Every structure is written in C-alpha cells, then in structure tokens.
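A quick write-up on the structure given underneath.
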Amino acid sequence: MALPVVLAVSTATVEDAAAIAAVRNAAAMELTRCFGSGHWSGLTAEPDVVRGINSSRVLVARDAGTVVGTLRLATRRPWAIDTRFFTASKLPLYLVDMAVLPESQRRGIGRQLLEAATAAAQGWQKDAIRLDAYDHPAGAGQFYENCGFREMGRVSYGGVPLIYYQLLL
C-alpha cells in the first residue's frame with residue numbers, strides 16, 4: 001500500500017476543467033476495465049465540468065500541482081436522490097462527481113477531499129451531505145462508510161441499483 005500524501009485541496013476554477021475531466025475519465029475507464037461496462041462507464045466532457053464549476057462548488061486535490069482527485073458539492077438535488085430516504089435536513093448539500101486518478105488511489109486522497117467537503121459544508125452552515133453510490137462492486141459504498149457516512153437506503157432508480165448515504169453535520 002502506498003503511503004498517504006498530504007495534498008493541497010482547493011476550489012476548482014475553469015482553468016482546471018480539462019484536468020478534472022481527465023481525472024473523472026481515467027476513473028471511469030478503470031472501473032470499466034475492472035468491472036465491465038456500466039453506468040460508471042460514461043465519460044465526462046470539459047464543457048460539462050465547466051457547467052459544474054459555474055453552478056456548484058468543485059474541489060480538487062493536487063499532488064505536486066497536478067490534479068489527482070475531485071468532487072463536486074451541489075445545493076441542487078441530483079435526479080437520482082429520493083429525499084424520502086434521508087433524515088430530515090433543512091440545508092443539505094449533495095456530493096457528486098467524486099473521482100481519484102486510479103494510480104493515486106488508496107493514498108488518502110479521497111478521504112482528504114471528503115474532509116475538505118465537510119469543512120466547506122460546515123462553513124456554509126449546511127446540516128448534511130448526501131450522496132448515492134452504485135450498489136455494485138464498482139461502487140464506493142464501503143469507502144463512504146469508512147469516512148463516516150451512514151447508509152440510508154437501497155433503491156433501483158431508473159434501473160440503476162443505488163445506495164444512499166448521508167453525513168449529518
């Protein structure tokens with residue numbers, strides 16, 4: 001196992017869009033290589049990343065200046081989230097589009113991104129972070145549980161088996 005790294009985690013700018021798309025695409029291709037084609041196989045275009053940067057807060061983790069991980073915090077509920085499964089919350093955030101370069105995984109990068117996301121949410125006085133993960137070995141459910149998120153339910157949404165997770169702040 002590689003040693004954990006201490007990264008610079010910061011808010012992304014539109015100048016980071018190509019690097020963010022590259023991280024997300026590398027992660028999607030690795031999941032497809034390991035688990036076959038699935039909903040995780042979709043590739044990300046740079047204009048989609050720019051839209052995400054402009055509509056929500058995107059965080060990036062850098063190792064020696066190179067973007068090696070990313071996630072997006074949105075105030076708008078993603079299509080696949082059914083709020084009936086979650087603990088009541090007045091000010092939730094939704095974590096989406098999390099990815100770490102395959103060669104940089106298992107070094108604490110994802111955990112550092114989640115810690116930065118939690119700090120950002122608390123700074124905005126949000127009271128929960130919600131997300132969905134694939135209910136499949138390609139999903140990251142165990143990772144989220146290890147980072148303090150609680151499973152809230154399992155659903156099939158649009159034919160996609162999902163697990164909902166929440167972290168109350």
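Following the order of the structure tokens, first chain is A, next is B, and so on, with residues numbered from 1 inside each chain and ligands from 1 in the order they appear.
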
Task: Residue contacts of range 28-43 of chain A (9 Å, only C-alpha atoms) excluding same-chain residues fewer than 2 positions away, as a list in words - done: Ala21, Val23, Arg24, Asn25, Ala26, Ala45, Ala99, Pro102, Tyr134, Pro137, Ala138, Gly139 and Val160 of chain A

TODO: Find the residues near range 109-111 of chain A: any atom within 9 Å, counting only C-alpha atoms, skip ones fewer than 6 places away on the same chain, and give them as a ChimeraX atom specification.
DONE: /A:4-7,61,68-71,98-100,143-144,147

Keeping only C-alpha atoms, write the selected residues as a PDB file, in the first residue's frame.
```pdb
ATOM      1  CA  PRO A   4      -0.735   8.623   2.400  1.00  0.00           C
ATOM      2  CA  VAL A   5       0.015  12.005   0.906  1.00  0.00           C
ATOM      3  CA  VAL A   6      -0.771  15.449   2.190  1.00  0.00           C
ATOM      4  CA  LEU A   7      -2.370  17.401  -0.593  1.00  0.00           C
ATOM      5  CA  ALA A  61      -6.817  17.697  -4.730  1.00  0.00           C
ATOM      6  CA  VAL A  68      -5.295  13.867  -8.777  1.00  0.00           C
ATOM      7  CA  GLY A  69      -8.811  13.966  -7.309  1.00  0.00           C
ATOM      8  CA  THR A  70     -12.033  15.904  -7.440  1.00  0.00           C
ATOM      9  CA  LEU A  71     -15.575  16.134  -6.151  1.00  0.00           C
ATOM     10  CA  MET A  98     -16.116  12.264  -6.986  1.00  0.00           C
ATOM     11  CA  ALA A  99     -13.098  10.672  -8.621  1.00  0.00           C
ATOM     12  CA  VAL A 100      -9.436   9.977  -7.888  1.00  0.00           C
ATOM     13  CA  PHE A 143     -15.318   3.883   1.356  1.00  0.00           C
ATOM     14  CA  TYR A 144     -18.108   6.306   2.284  1.00  0.00           C
ATOM     15  CA  CYS A 147     -15.424   8.043   6.133  1.00  0.00           C
TER      16      CYS A 147
END
```

Task: DSSP helix (DSSP H, G or I) residues within range 61-142 of chain A, as a list in words - done: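 Residues of range 61-142 of chain A classed as helix (DSSP H, G or I): Thr83, Arg84, Phe85, Pro102, Glu103, Ser104, Ile109, Gly110, Arg111, Gln112, Leu113, Leu114, Glu115, Ala116, Ala117, Thr118, Ala119, Ala120, Ala121, Gln122, Gly123, Gly141 and Gln142 of chain A.
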
Open item on the list: Just checking: using only C-alpha atoms, which residue out of A:Gln112, A:Ser10, A:Ser56, A:Gln166 ends up closest to Leu131 in chain A?
Closed with: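 Of A:Gln112, A:Ser10, A:Ser56, A:Gln166, the one nearest Leu131 in chain A, counting only C-alpha atoms, is A:Gln166.
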
- [ ] Find the residues around Ala22 in chain A up to 9 Å (only C-alpha atoms counted), leave out those fewer than 6 positions away in its own chain, and share them as a ChimeraX atom specification.
- [x] /A:44-46,101

TODO: Identify which of the residues A:Ala19, A:Leu162, A:Leu59, A:Ala116 lies closest to Asp82 in chain A, counting only C-alpha atoms when measuring atom-to-atom distances.
DONE: A:Leu162

Open item on the list: Using only C-alpha atoms for the distances, tell me which of A:Val60, A:Ile129, A:Ile163, A:Ile20 is nearest to Pro92 in chain A.
Closed with: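 Of A:Val60, A:Ile129, A:Ile163, A:Ile20, the one nearest Pro92 in chain A, counting only C-alpha atoms, is A:Ile129.
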
Task: Residue with smallest distance to Gly65 in chain A - pool A:Gly148, A:Ala8, A:His136, A:Tyr157, counting only C-alpha atoms - done: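 Nearest candidate to Gly65 in chain A out of A:Gly148, A:Ala8, A:His136, A:Tyr157: A:Ala8.
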